[in-house]
$ cat final-v2.cif   # mmCIF, C-alpha atoms
data_upload
#
loop_
_atom_site.label_atom_id
_atom_site.label_comp_id
_atom_site.auth_asym_id
_atom_site.auth_seq_id
_atom_site.Cartn_x
_atom_site.Cartn_y
_atom_site.Cartn_z
CA MET A 27 14.20 6.24 -10.04
CA SER A 28 15.47 2.64 -10.19
CA SER A 29 14.75 0.45 -7.18
CA ASP A 30 17.78 -1.79 -7.83
CA ALA A 31 19.85 -0.15 -5.08
CA VAL A 32 17.01 -0.42 -2.58
CA VAL A 33 17.20 -3.29 -0.11
CA ILE A 34 13.94 -4.79 1.20
CA ARG A 35 13.83 -6.83 4.39
CA HIS A 36 12.04 -7.30 7.70
CA CYS A 37 12.32 -4.28 9.94
CA LYS A 38 14.51 -4.57 13.01
CA GLY A 39 14.13 -2.67 16.25
CA LEU A 40 12.09 0.29 17.44
CA ASP A 41 13.97 2.90 15.41
CA GLU A 42 12.97 1.26 12.12
CA LEU A 43 9.38 0.89 13.30
CA ARG A 44 9.36 4.60 14.19
CA ALA A 45 10.57 5.31 10.66
CA CYS A 46 7.50 3.45 9.35
CA VAL A 47 5.22 5.70 11.40
CA ALA A 48 7.00 8.83 10.15
CA LEU A 49 6.81 7.71 6.51
CA GLN A 50 3.11 6.90 6.93
CA LYS A 51 2.46 10.47 8.11
CA GLU A 52 4.53 11.92 5.26
CA ILE A 53 2.68 10.01 2.56
CA TRP A 54 -0.94 10.11 3.77
CA ASN A 55 -0.72 13.33 5.81
CA PHE A 56 -3.12 11.86 8.36
CA SER A 57 -4.08 13.67 11.52
CA ASP A 58 -2.60 12.05 14.63
CA ALA A 59 -5.97 10.47 15.38
CA ASP A 60 -5.91 8.54 12.08
CA LEU A 61 -2.27 7.41 12.23
CA VAL A 62 -1.47 3.76 12.87
CA PRO A 63 0.64 4.19 16.02
CA LEU A 64 4.04 2.73 16.83
CA ARG A 65 2.47 0.23 19.22
CA MET A 66 0.53 -1.36 16.36
CA PHE A 67 3.72 -1.89 14.35
CA VAL A 68 5.32 -3.48 17.41
CA VAL A 69 2.31 -5.74 18.00
CA ALA A 70 2.15 -6.80 14.35
CA GLU A 71 5.79 -7.88 14.48
CA LYS A 72 5.24 -9.85 17.70
CA VAL A 73 2.03 -11.74 16.84
CA GLY A 74 2.80 -13.17 13.41
CA GLY A 75 2.23 -10.19 11.16
CA GLN A 76 4.76 -8.55 8.86
CA VAL A 77 6.62 -5.25 9.06
CA MET A 78 8.90 -4.96 6.05
CA GLY A 79 10.99 -2.00 5.05
CA ALA A 80 12.64 -0.75 1.87
CA PHE A 81 15.96 0.99 2.48
CA ASN A 82 18.06 3.18 0.23
CA GLY A 83 21.23 3.10 2.30
CA SER A 84 20.10 4.04 5.81
CA GLN A 85 16.96 5.87 4.63
CA MET A 86 13.62 4.10 4.70
CA VAL A 87 11.83 4.71 1.41
CA GLY A 88 8.95 2.25 1.76
CA PHE A 89 7.29 -0.20 4.12
CA ALA A 90 4.58 -2.85 4.25
CA LEU A 91 2.51 -3.69 7.34
CA SER A 92 0.29 -6.74 7.74
CA VAL A 93 -1.50 -8.40 10.65
CA PRO A 94 -2.71 -12.01 10.99
CA GLY A 95 -6.38 -12.91 10.75
CA THR A 96 -8.55 -16.02 10.78
CA ARG A 97 -11.64 -16.94 8.81
CA SER A 98 -13.40 -20.30 8.87
CA GLY A 99 -10.57 -21.66 10.98
CA ARG A 100 -7.83 -20.75 8.51
CA VAL A 101 -5.06 -18.22 9.03
CA TYR A 102 -4.44 -15.46 6.49
CA LEU A 103 -2.65 -12.10 6.48
CA HIS A 104 -4.34 -8.74 6.14
CA SER A 105 -1.92 -6.28 4.54
CA HIS A 106 -3.03 -3.02 6.11
CA MET A 107 -0.53 -0.56 4.61
CA LEU A 108 1.93 -0.32 1.74
CA ALA A 109 3.86 2.93 1.43
CA VAL A 110 6.52 4.09 -1.05
CA ARG A 111 8.17 7.50 -0.86
CA ASN A 112 7.24 9.73 -3.79
CA GLU A 113 10.63 9.73 -5.54
CA HIS A 114 10.69 5.92 -5.60
CA ARG A 115 7.22 5.39 -7.07
CA ASN A 116 6.78 3.81 -10.51
CA SER A 117 10.04 1.89 -9.97
CA GLY A 118 8.55 -1.51 -9.10
CA LEU A 119 9.31 -1.11 -5.42
CA GLY A 120 5.72 -1.62 -4.28
CA ARG A 121 5.57 -4.90 -6.19
CA ARG A 122 8.88 -6.01 -4.65
CA LEU A 123 7.50 -5.39 -1.17
CA LYS A 124 4.38 -7.40 -1.97
CA LEU A 125 6.43 -10.29 -3.37
CA LEU A 126 8.49 -10.39 -0.18
CA GLN A 127 5.23 -10.58 1.76
CA ARG A 128 4.22 -13.53 -0.45
CA GLU A 129 7.55 -15.31 0.04
CA ASP A 130 7.34 -14.92 3.81
CA ALA A 131 3.70 -16.05 3.95
CA LEU A 132 4.33 -19.18 1.88
CA ALA A 133 7.31 -20.09 4.06
CA ARG A 134 4.86 -20.12 7.00
CA GLY A 135 2.19 -22.14 5.19
CA ILE A 136 -0.14 -19.16 4.60
CA GLU A 137 -1.92 -19.14 1.23
CA LEU A 138 -3.92 -15.90 1.32
CA ILE A 139 -3.07 -12.24 1.76
CA GLU A 140 -5.88 -9.68 1.63
CA TRP A 141 -5.91 -5.90 1.62
CA THR A 142 -8.30 -3.07 0.84
CA PHE A 143 -7.74 -0.56 -1.93
CA ASP A 144 -9.49 2.53 -3.21
CA PRO A 145 -11.18 1.74 -6.56
CA LEU A 146 -10.68 5.37 -7.61
CA GLU A 147 -6.86 5.00 -7.45
CA ILE A 148 -5.90 3.97 -10.98
CA LYS A 149 -2.21 3.09 -10.65
CA ASN A 150 -2.73 1.12 -7.46
CA SER A 151 -5.63 -0.82 -8.97
CA TYR A 152 -3.47 -1.72 -11.97
CA LEU A 153 -0.68 -2.93 -9.67
CA ASN A 154 -3.01 -5.09 -7.60
CA ILE A 155 -4.83 -6.75 -10.48
CA GLU A 156 -2.35 -6.85 -13.36
CA LYS A 157 1.06 -6.94 -11.65
CA LEU A 158 0.21 -9.09 -8.62
CA GLY A 159 -2.74 -11.18 -9.81
CA ALA A 160 -5.11 -10.30 -6.97
CA ILE A 161 -8.83 -10.57 -7.58
CA ALA A 162 -11.69 -8.58 -6.01
CA ARG A 163 -15.24 -9.74 -5.33
CA ARG A 164 -16.17 -7.75 -2.21
CA TYR A 165 -16.95 -4.03 -1.93
CA ASN A 166 -17.05 -2.23 1.44
CA ILE A 167 -18.88 1.09 1.61
CA ASN A 168 -17.13 3.86 3.59
CA GLN A 169 -14.97 1.31 5.39
CA TYR A 170 -12.86 3.75 7.42
CA GLY A 171 -15.31 6.65 7.56
CA ILE A 172 -14.35 10.09 6.24
CA THR A 173 -10.59 10.23 6.80
CA SER A 174 -8.27 13.18 7.34
CA SER A 175 -6.03 12.27 4.40
CA PRO A 176 -6.19 14.76 1.50
CA LEU A 177 -5.78 11.78 -0.84
CA GLN A 178 -9.36 10.77 -0.06
CA GLY A 179 -10.70 14.19 -1.08
CA GLY A 180 -13.38 14.15 1.62
CA LEU A 181 -15.23 11.28 -0.10
CA PRO A 182 -16.51 8.15 1.66
CA SER A 183 -13.67 5.63 2.04
CA ASP A 184 -15.18 2.96 -0.22
CA ARG A 185 -12.83 0.02 -0.67
CA LEU A 186 -12.46 -3.08 -2.79
CA MET A 187 -11.07 -6.12 -0.99
CA ALA A 188 -8.10 -7.64 -2.81
CA GLU A 189 -7.73 -11.40 -2.45
CA TRP A 190 -4.23 -12.61 -3.28
CA TRP A 191 -4.37 -16.40 -3.45
CA LEU A 192 -0.65 -17.05 -3.34
CA LYS A 193 -0.65 -20.60 -4.76
CA SER A 194 -3.48 -20.14 -7.27
CA ARG A 195 -2.99 -20.91 -10.95
CA ARG A 196 -3.75 -17.25 -11.65
CA VAL A 197 -0.91 -15.93 -9.49
CA GLU A 198 1.59 -18.60 -10.47
CA THR A 199 0.83 -18.03 -14.17
CA LEU A 200 1.31 -14.29 -13.80
CA LEU A 201 4.62 -14.66 -11.97
CA ALA A 202 5.87 -17.16 -14.55
CA THR A 203 4.71 -15.38 -17.73
CA GLY A 204 4.01 -11.76 -16.78
CA LYS A 205 0.35 -12.11 -17.77
CA ASN A 206 -2.85 -13.16 -16.05
CA PRO A 207 -4.68 -16.17 -17.52
CA PRO A 208 -7.30 -15.21 -20.13
CA PHE A 209 -10.98 -14.95 -19.16
CA ARG A 210 -14.27 -13.96 -20.75
CA GLN A 211 -15.09 -10.37 -19.83
CA GLN A 212 -18.71 -9.86 -18.77
CA ALA A 213 -18.66 -6.31 -17.39
CA ALA A 214 -16.43 -3.22 -17.23
CA ILE A 215 -16.30 -0.35 -14.73
CA GLU A 216 -14.50 2.85 -15.75
CA VAL A 217 -12.50 5.41 -13.76
CA PRO A 218 -11.65 8.67 -15.60
CA ALA A 219 -8.10 10.02 -15.34
CA GLN A 220 -9.50 13.36 -14.13
CA ILE A 221 -10.68 11.77 -10.88
CA TYR A 222 -7.63 13.07 -8.95
CA ASP A 223 -8.22 16.68 -9.99
CA TRP A 224 -11.93 16.37 -9.29
CA LYS A 225 -11.30 15.06 -5.76
CA ALA A 226 -8.74 17.77 -4.99
CA ALA A 227 -10.96 20.80 -5.66
CA ALA A 228 -14.13 21.62 -3.74
CA GLU A 229 -15.88 22.96 -6.86
CA THR A 230 -15.45 19.67 -8.77
CA ARG A 231 -15.69 17.16 -5.92
CA SER A 232 -19.29 16.38 -6.82
CA LYS A 233 -18.05 14.95 -10.14
CA ALA A 234 -15.74 12.58 -8.25
CA GLN A 235 -18.56 11.62 -5.92
CA HIS A 236 -20.80 10.86 -8.89
CA VAL A 237 -18.18 8.49 -10.30
CA GLN A 238 -17.78 6.81 -6.92
CA GLU A 239 -21.53 6.32 -6.46
CA ARG A 240 -22.04 5.09 -10.04
CA ASN A 241 -19.18 2.63 -9.78
CA ARG A 242 -20.27 1.47 -6.32
CA GLU A 243 -23.60 0.35 -7.73
CA GLN A 244 -21.91 -1.40 -10.65
CA PHE A 245 -19.51 -3.27 -8.39
CA LEU A 246 -22.25 -4.36 -6.00
CA ARG A 247 -24.44 -5.52 -8.86
CA GLY A 248 -21.58 -7.44 -10.50
CA PHE A 249 -20.47 -9.11 -7.28
CA ASP A 250 -24.05 -10.08 -6.43
CA ALA A 251 -24.12 -11.84 -9.81
CA GLY A 252 -21.02 -13.85 -8.89
CA LEU A 253 -18.52 -11.87 -10.96
CA ALA A 254 -15.01 -10.92 -9.83
CA VAL A 255 -12.50 -8.30 -10.92
CA LEU A 256 -10.00 -10.26 -13.03
CA GLY A 257 -8.40 -7.59 -15.22
CA TYR A 258 -7.56 -3.91 -15.40
CA GLU A 259 -6.83 -1.72 -18.42
CA ARG A 260 -5.36 1.77 -18.73
CA ASP A 261 -5.71 3.85 -21.88
CA SER A 262 -3.44 6.49 -23.38
CA SER A 263 -5.22 9.27 -21.45
CA GLY A 264 -4.53 7.59 -18.11
CA SER A 265 -8.10 6.43 -17.47
CA GLY A 266 -8.65 3.01 -15.95
CA LYS A 267 -11.13 0.21 -16.45
CA PHE A 268 -11.93 -2.76 -14.21
CA LEU A 269 -12.74 -5.94 -16.15
CA LEU A 270 -15.10 -8.43 -14.51
CA GLY A 271 -15.71 -12.09 -15.29
CA ASN A 272 -16.21 -15.48 -13.66
CA TRP A 273 -13.16 -16.81 -11.83
CA ASP A 274 -12.69 -20.48 -12.64
CA GLU A 275 -10.69 -21.43 -9.54
CA GLU A 276 -12.21 -22.65 -6.28
CA TRP A 277 -10.30 -20.70 -3.64
CA SER A 278 -12.41 -19.39 -0.79
#
$ encode --input "final-v2.cif" --output "structure tokens"
Amino acid sequence: MSSDAVVIRHCKGLDELRACVALQKEIWNFSDADLVPLRMFVVAEKVGGQVMGAFNGSQMVGFALSVPGTRSGRVYLHSHMLAVRNEHRNSGLGRRLKLLQREDALARGIELIEWTFDPLEIKNSYLNIEKLGAIARRYNINQYGITSSPLQGGLPSDRLMAEWWLKSRRVETLLATGKNPPFRQQAAIEVPAQIYDWKAAAETRSKAQHVQERNREQFLRGFDAGLAVLGYERDSSGSGKFLLGNWDEEWS
């Protein structure tokens, strides 16, 4: 479905924030204990975060939530959630929401947005690395514990940390040309297309866990050696591959 008719903007009022909570539950199917509550959306809006919605007419079909953070005395944004309703996926809507986050951050003098993502999620990894220009050089083991979402398949919630340096040559080159700057690949980490089926069924979940544990060690080893995720490839079967190399920009 085309996203051209969808309007993206900052959310306004409690009713739209409640719609974010409802869409979150629809997409992740969290238990109530794992849901980000309405109060958190309200707080994010009040303290310098971002709550942005995507609207098809009056219906919310996506949202993005971020909260402010500080590190080494500098302010950045942590994008905690990005959600797109199923019928609007693969339309570019997720990227549009992220670009609005970037526009808003730059207008406030913020140069970094970070977020976590599951390295077993192939489409999302491709979006983050190849369509947005984020890099990754940190790996967090079981960051959120074992969650109630079926999307996690009962596996540890391992996460890569995306760093989106909004004014970097990498990001500006991608936005201007549609391609990331070239780099010398030094390592590759593969994710088979079957990972979703393996996670979904109890009898094959051990295969998914093996991939997660193998890749975890490869990421940790690569990051310890100073490498960063700079590229992502998908093949005709739907499998994914992280490409690691040395990032030649000094953003930290």
$ closest_residue --input "final-v2.cif" --among "A:Lys72, A:Arg247, A:Arg35, A:Arg231" --to "Leu181 (chain A)" --atoms "only C-alpha atoms"
A:Arg231
$ closest_residue --input "final-v2.cif" --among "A:Lys149, A:Arg121, A:His36, A:His106" --to "Met66 (chain A)" --atoms "all atoms listed in the file"
A:His106
$ atom_distance --input "final-v2.cif" --atom1 "CA of Gly74 (chain A)" --atom2 "CA of His104 (chain A)"
11.1 Å
$ resolve_selection --input "final-v2.cif" --expression "the PyMOL selection byres ((chain A and resi 211) around 7)" --output "PDB file with C-alpha atoms, in the coordinates of the input"
ATOM      1  CA  PHE A 209     -10.980 -14.950 -19.160  1.00  0.00           C
ATOM      2  CA  ARG A 210     -14.270 -13.960 -20.750  1.00  0.00           C
ATOM      3  CA  GLN A 212     -18.710  -9.860 -18.770  1.00  0.00           C
ATOM      4  CA  ALA A 213     -18.660  -6.310 -17.390  1.00  0.00           C
ATOM      5  CA  LEU A 269     -12.740  -5.940 -16.150  1.00  0.00           C
ATOM      6  CA  LEU A 270     -15.100  -8.430 -14.510  1.00  0.00           C
ATOM      7  CA  GLY A 271     -15.710 -12.090 -15.290  1.00  0.00           C
TER       8      GLY A 271
END
$ closest_residue --input "final-v2.cif" --among "A:Ala48, A:Ile155, A:Cys37, A:Leu123" --to "Gly257 (chain A)" --atoms "all atoms listed in the file"
A:Ile155
$ resolve_selection --input "final-v2.cif" --expression "the PyMOL selection byres ((chain A and resi 145) around 12)" --output "ChimeraX atom specification"
/A:142-144,146-155,162,164-168,178,182-188,215-218,221,234,237-242,244-245,255,258,266-268
$ closest_residue --input "final-v2.cif" --among "A:Ala219, A:Leu108, A:Phe56, A:Pro94" --to "Asp261 (chain A)" --atoms "all atoms listed in the file"
A:Ala219
$ closest_residue --input "final-v2.cif" --among "A:Leu201, A:Ile53, A:Val68, A:Leu158" --to "Gly88 (chain A)" --atoms "only C-alpha atoms"
A:Ile53
$ closest_residue --input "final-v2.cif" --among "A:Leu125, A:Val77, A:Ile136, A:Leu61" --to "Val101 (chain A)" --atoms "all atoms listed in the file"
A:Ile136
$ residues_around --input "final-v2.cif" --residues "Cys46 (chain A)" --least-positions-apart "2" --cutoff "9 Å" --atoms "only C-alpha atoms" --output "VMD selection string"
chain A and resid 41 to 44 48 to 51 64 67 77 79 86 88 to 91 109
$ atom_distance --input "final-v2.cif" --atom1 "CA of Lys233 (chain A)" --atom2 "CA of Ala251 (chain A)"
27.5 Å
$ atom_distance --input "final-v2.cif" --atom1 "CA of Gly204 (chain A)" --atom2 "CA of Lys157 (chain A)"
7.6 Å
$ decode --input "final-v2.cif" --residues "region 86-110 of chain A" --atoms "N, CA, C and O atoms" --output "tab-separated table (two decimals), in the first residue's frame"
chain	number	residue	atom	x	y	z
A	86	MET	N	-4.83	6.21	12.98
A	86	MET	CA	-3.38	6.12	13.17
A	86	MET	C	-2.88	4.80	12.61
A	86	MET	O	-3.39	3.73	12.96
A	87	VAL	N	-1.88	4.87	11.74
A	87	VAL	CA	-1.33	3.66	11.13
A	87	VAL	C	0.15	3.46	11.48
A	87	VAL	O	0.77	2.49	11.05
A	88	GLY	N	0.71	4.38	12.25
A	88	GLY	CA	2.10	4.24	12.67
A	88	GLY	C	2.43	5.30	13.69
A	88	GLY	O	1.74	6.32	13.81
A	89	PHE	N	3.48	5.06	14.47
A	89	PHE	CA	3.96	6.09	15.40
A	89	PHE	C	5.44	5.87	15.68
A	89	PHE	O	5.99	4.78	15.45
A	90	ALA	N	6.08	6.91	16.18
A	90	ALA	CA	7.46	6.84	16.64
A	90	ALA	C	7.54	7.53	17.99
A	90	ALA	O	6.98	8.62	18.17
A	91	LEU	N	8.23	6.90	18.93
A	91	LEU	CA	8.39	7.43	20.29
A	91	LEU	C	9.86	7.53	20.61
A	91	LEU	O	10.61	6.56	20.46
A	92	SER	N	10.31	8.70	21.06
A	92	SER	CA	11.68	8.84	21.53
A	92	SER	C	11.70	9.65	22.82
A	92	SER	O	10.78	10.42	23.10
A	93	VAL	N	12.78	9.44	23.59
A	93	VAL	CA	12.97	10.17	24.85
A	93	VAL	C	14.37	10.77	24.83
A	93	VAL	O	15.29	10.24	24.19
A	94	PRO	N	14.57	11.90	25.51
A	94	PRO	CA	15.90	12.52	25.53
A	94	PRO	C	16.84	11.78	26.47
A	94	PRO	O	16.42	11.17	27.46
A	95	GLY	N	18.13	11.83	26.14
A	95	GLY	CA	19.17	11.26	26.99
A	95	GLY	C	20.39	12.15	26.97
A	95	GLY	O	20.51	13.06	26.14
A	96	THR	N	21.32	11.90	27.87
A	96	THR	CA	22.59	12.63	27.87
A	96	THR	C	23.73	11.63	28.04
A	96	THR	O	23.59	10.62	28.72
A	97	ARG	N	24.82	11.93	27.38
A	97	ARG	CA	26.04	11.14	27.53
A	97	ARG	C	27.22	12.07	27.35
A	97	ARG	O	27.28	12.82	26.36
A	98	SER	N	28.13	12.04	28.29
A	98	SER	CA	29.32	12.92	28.24
A	98	SER	C	28.92	14.38	28.08
A	98	SER	O	29.58	15.16	27.38
A	99	GLY	N	27.81	14.75	28.72
A	99	GLY	CA	27.39	16.13	28.71
A	99	GLY	C	26.67	16.58	27.46
A	99	GLY	O	26.36	17.77	27.31
A	100	ARG	N	26.38	15.67	26.54
A	100	ARG	CA	25.72	16.03	25.29
A	100	ARG	C	24.34	15.36	25.21
A	100	ARG	O	24.19	14.19	25.57
A	101	VAL	N	23.39	16.12	24.69
A	101	VAL	CA	22.02	15.62	24.58
A	101	VAL	C	21.86	14.83	23.29
A	101	VAL	O	22.35	15.22	22.23
A	102	TYR	N	21.17	13.69	23.37
A	102	TYR	CA	20.79	12.93	22.19
A	102	TYR	C	19.37	12.42	22.40
A	102	TYR	O	18.76	12.64	23.45
A	103	LEU	N	18.80	11.78	21.40
A	103	LEU	CA	17.47	11.19	21.52
A	103	LEU	C	17.59	9.67	21.41
A	103	LEU	O	18.32	9.16	20.56
A	104	HIS	N	16.87	8.99	22.28
A	104	HIS	CA	16.77	7.53	22.18
A	104	HIS	C	15.39	7.21	21.62
A	104	HIS	O	14.37	7.46	22.26
A	105	SER	N	15.36	6.66	20.41
A	105	SER	CA	14.10	6.31	19.77
A	105	SER	C	13.69	4.93	20.26
A	105	SER	O	14.27	3.92	19.85
A	106	HIS	N	12.70	4.89	21.14
A	106	HIS	CA	12.38	3.65	21.84
A	106	HIS	C	11.47	2.74	21.03
A	106	HIS	O	11.56	1.51	21.13
A	107	MET	N	10.57	3.32	20.22
A	107	MET	CA	9.62	2.50	19.47
A	107	MET	C	9.31	3.13	18.12
A	107	MET	O	9.16	4.35	18.02
A	108	LEU	N	9.22	2.27	17.11
A	108	LEU	CA	8.70	2.66	15.80
A	108	LEU	C	7.73	1.57	15.37
A	108	LEU	O	8.10	0.40	15.31
A	109	ALA	N	6.49	1.95	15.11
A	109	ALA	CA	5.46	0.97	14.79
A	109	ALA	C	4.75	1.37	13.51
A	109	ALA	O	4.44	2.55	13.31
A	110	VAL	N	4.48	0.41	12.64
A	110	VAL	CA	3.71	0.63	11.42
A	110	VAL	C	2.70	-0.51	11.30
A	110	VAL	O	3.07	-1.68	11.37
